[in-house]
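Colleague: Here you go, one structure.
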Amino acid sequence: MTASTVAALLAALCVPLVVHLERARHDPAPALVRAQDPGPAAGRDQQHFAVTWAASAERLGAGPAEGSYRLVVRTSVGGDALRIRLTNAFGEHPVTFASAYAGLRRQGAELVAGSNRRLTFGGQPSVTVAAGEMILSDPLTGELAPESDLVVSLHVIGALGMRSGHVEALQTSYASAGDHAAEEAATNWTATVKSWYWLDAVSVRTSTAVSSVVVLGDSIADGLNSGRDTNRRWPDYLARRLRAAPDSPVRGVANEGISGNKVLAGGAGPAALRRFDRDVLSHPGVDTVVVHEGINDIKAHTGVTVDDLTAGYRQLVDRAHAAGRCVVGATVMAYQGWPEYDDAGEAVRQSVNDWIRHSGVFDAVVDFDVITRSPDDPRRLEPLFDSGDHLHPNDRGMQAMADAVDLAVLRCDR
């Protein structure tokens with residue numbers, strides 16, 4: 001949806017802010033849905049928060065100063081006391097979230113009747129977030145099942161200049177003029193958007209025996225070229241595997257992939273080294289991070305060497321270890337046929353992968369290169385896994401990657 005489209009909607013459909021705020025003060029507070037998976041038995045008497053969904057914030061273009069956004073996300077671990085995190089990380093001005101609600105999707109922009117619940121911030125129904133800052137909502141009473149289509153509806157005012165959000169959601173969300181956040185019907189949500197605006201994380205309270213894993217990656221983790229509105233990114237497939245493994249303490253998966261992202265340099269989002277604290281260490285309940293970045297550093301032809309890239313990996317591992325987290329290193333996948341491929345970059349990739357496999361720096365390794373490369377030419381993706389651009393896997397390749405992860409290596413005893 002273009003900024004002009006939203007602006008036209010805003011002008012045509014402006015609704016007074018107080019209508020839904022006043023009505024919602026008297027709404028009952030049912031549970032979102034009963035959680036069906038409490039996780040391993042050990043430690044149920046003690047609880048903590050664990051991230052159930054995340055998407056790394058990036059700099060988005062300017063848009064309308066006022067509008068409503070109905071954002072659809074897929075959770076992983078279930079629990080109660082849901083909290084959302086809103087970000088103005090790349091904003092140039094304060095932004096006010098005049099109302100915020102969380103509910104469950106029935107279909108499209110329509111919510112399950114009775115599920116849409118007001119979120120508060122320090123007990124207040126609205127909050128202003130300064131440029132460069134983030135904020136957590138208060139815990140929401142009620143329980144949320146794993147693998148739910150959670151819908152966060154925001155009414156935003158004063159959104160001047162650059163916005164923060166995740167560019168390529170691969171999930172259809174919705175926009176509207178005026179404040180329709182409290183509504184469960186889809187009637188006023190006629191415009192669609194392809195990005196997640198301002199929302200960058202959701203967490204729930206669960207047993208201390210349950211943990212989450214963060215995938216720090218680029219477009220391959222981000223799911224580029226996987227099926228839209230189908231949750232077929234490889235971290236999605238991993239979340240489903242963890243859900244089906246009754247003995248695994250790891251239940252949550254936070255996908256912090258950014259298309260085009262690099263380990264060492266900014267561009268498509270801040271470099272992994274710069275965003276590590278925000279996108280990994282700040283999330284609750286995380287014991288392990290999977291690092292799957294490096295191809296964009298290599299193919300950019302900026303002169304990045306094996307020593308440069310491996311030094312970057314060492315920094316990520318050292319910072320994770322200092323915070324008590326474990327790190328799984330993922331090898332860099334084949335890319336011959338992609339326009340930026342050359343023999344020099346391939347030599348760096350092969351040497352970097354050799355270091356990932358054998359240096360002992362990572363706590364464990366998942367060899368995505370071996371799993372996805374062609375047996376006839378290790379410089380190329382397996383044709384059955386190739387989306388067609390010779391860099392990004394298709395849905396079958398995404399599933400093969402998730403299936404290659406030994407779930408035991410996601411457990412961390414640090």
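By convention here, the chains of the structure tokens are called A, B, ... in the order presented, each chain's residues are numbered starting at 1, and ligands are numbered starting at 1 in the order presented.
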Which polymer residues have any atom within 9 Å of an atom of Val151 of chain A, counting only C-alpha atoms, with same-chain residues fewer than 2 positions away left out, as a list in words?

Modeller: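 So, after excluding close chain neighbours, the residues are Arg70, Leu71, Val72, Val73, Arg74, Tyr101, Ala102, Gly103, Leu104, Arg105, Ala109, Leu111, Asn116, Asp149, Ser153 and Ser173 of chain A.
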
Colleague: Give me the segment 339-404 of chain A side of the contact with segment 238-245 of chain A, cut-off 9 Å, one line per residue showing its nearest atom pair and distance in Å at one decimal, counting only C-alpha atoms, sorted by chain and residue number, as JSON lines.

Modeller:
```
{"residue": "A:Gln399", "atom": "CA", "partner": "A:Leu238", "partner_atom": "CA", "distance": 8.0}
{"residue": "A:Met401", "atom": "CA", "partner": "A:Leu238", "partner_atom": "CA", "distance": 8.6}
{"residue": "A:Ala402", "atom": "CA", "partner": "A:Leu238", "partner_atom": "CA", "distance": 4.9}
{"residue": "A:Asp403", "atom": "CA", "partner": "A:Leu238", "partner_atom": "CA", "distance": 7.2}
```

Colleague: Please identify which residues in segment 300-380 of chain A DSSP calls helix (DSSP H, G or I) from the backbone, and express them as a VMD selection string.

Modeller: chain A and resid 306 to 322 343 to 358 368 to 372

Colleague: Hey, can you check how far atom CA of Ala81 of chain A sits from atom CA of Pro125 of chain A?

Modeller: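 Interatomic distance, atom CA of Ala81 of chain A to atom CA of Pro125 of chain A: 16.7 Å.
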
Colleague: Go through A:Leu381, A:Leu170, A:Leu316, A:Ala185 one by one, measure the shortest atom-to-atom distance of each to Arg106 of chain A using only C-alpha atoms, and give the residue with the smallest value.

Modeller: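 Answer, going by the shortest atom-to-atom distance: A:Ala185.
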
Colleague: A:Gly217, A:Gly269, A:Gly285, A:Gly294: which is nearest Asn255 of chain A, counting only C-alpha atoms?

Modeller: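 Ranked by minimum distance to Asn255 of chain A, first place goes to A:Gly217.
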
Colleague: Interatomic distance between atom CA of Gly223 of chain A and atom CA of Ala131 of chain A?

Modeller: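 Those two atoms sit 28.9 Å apart.
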
Colleague: May I ask for the distance between atom CA of Thr96 of chain A and atom CA of Val286 of chain A, given in Å to one decimal place?

Modeller: 29.4 Å

Colleague: From the list A:Asp363, A:Asp386, A:Glu133, A:Asp200, which residue is nearest His283 of chain A when using only C-alpha atoms?

Modeller: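 For His283 of chain A, the nearest of the given residues is A:Asp200.
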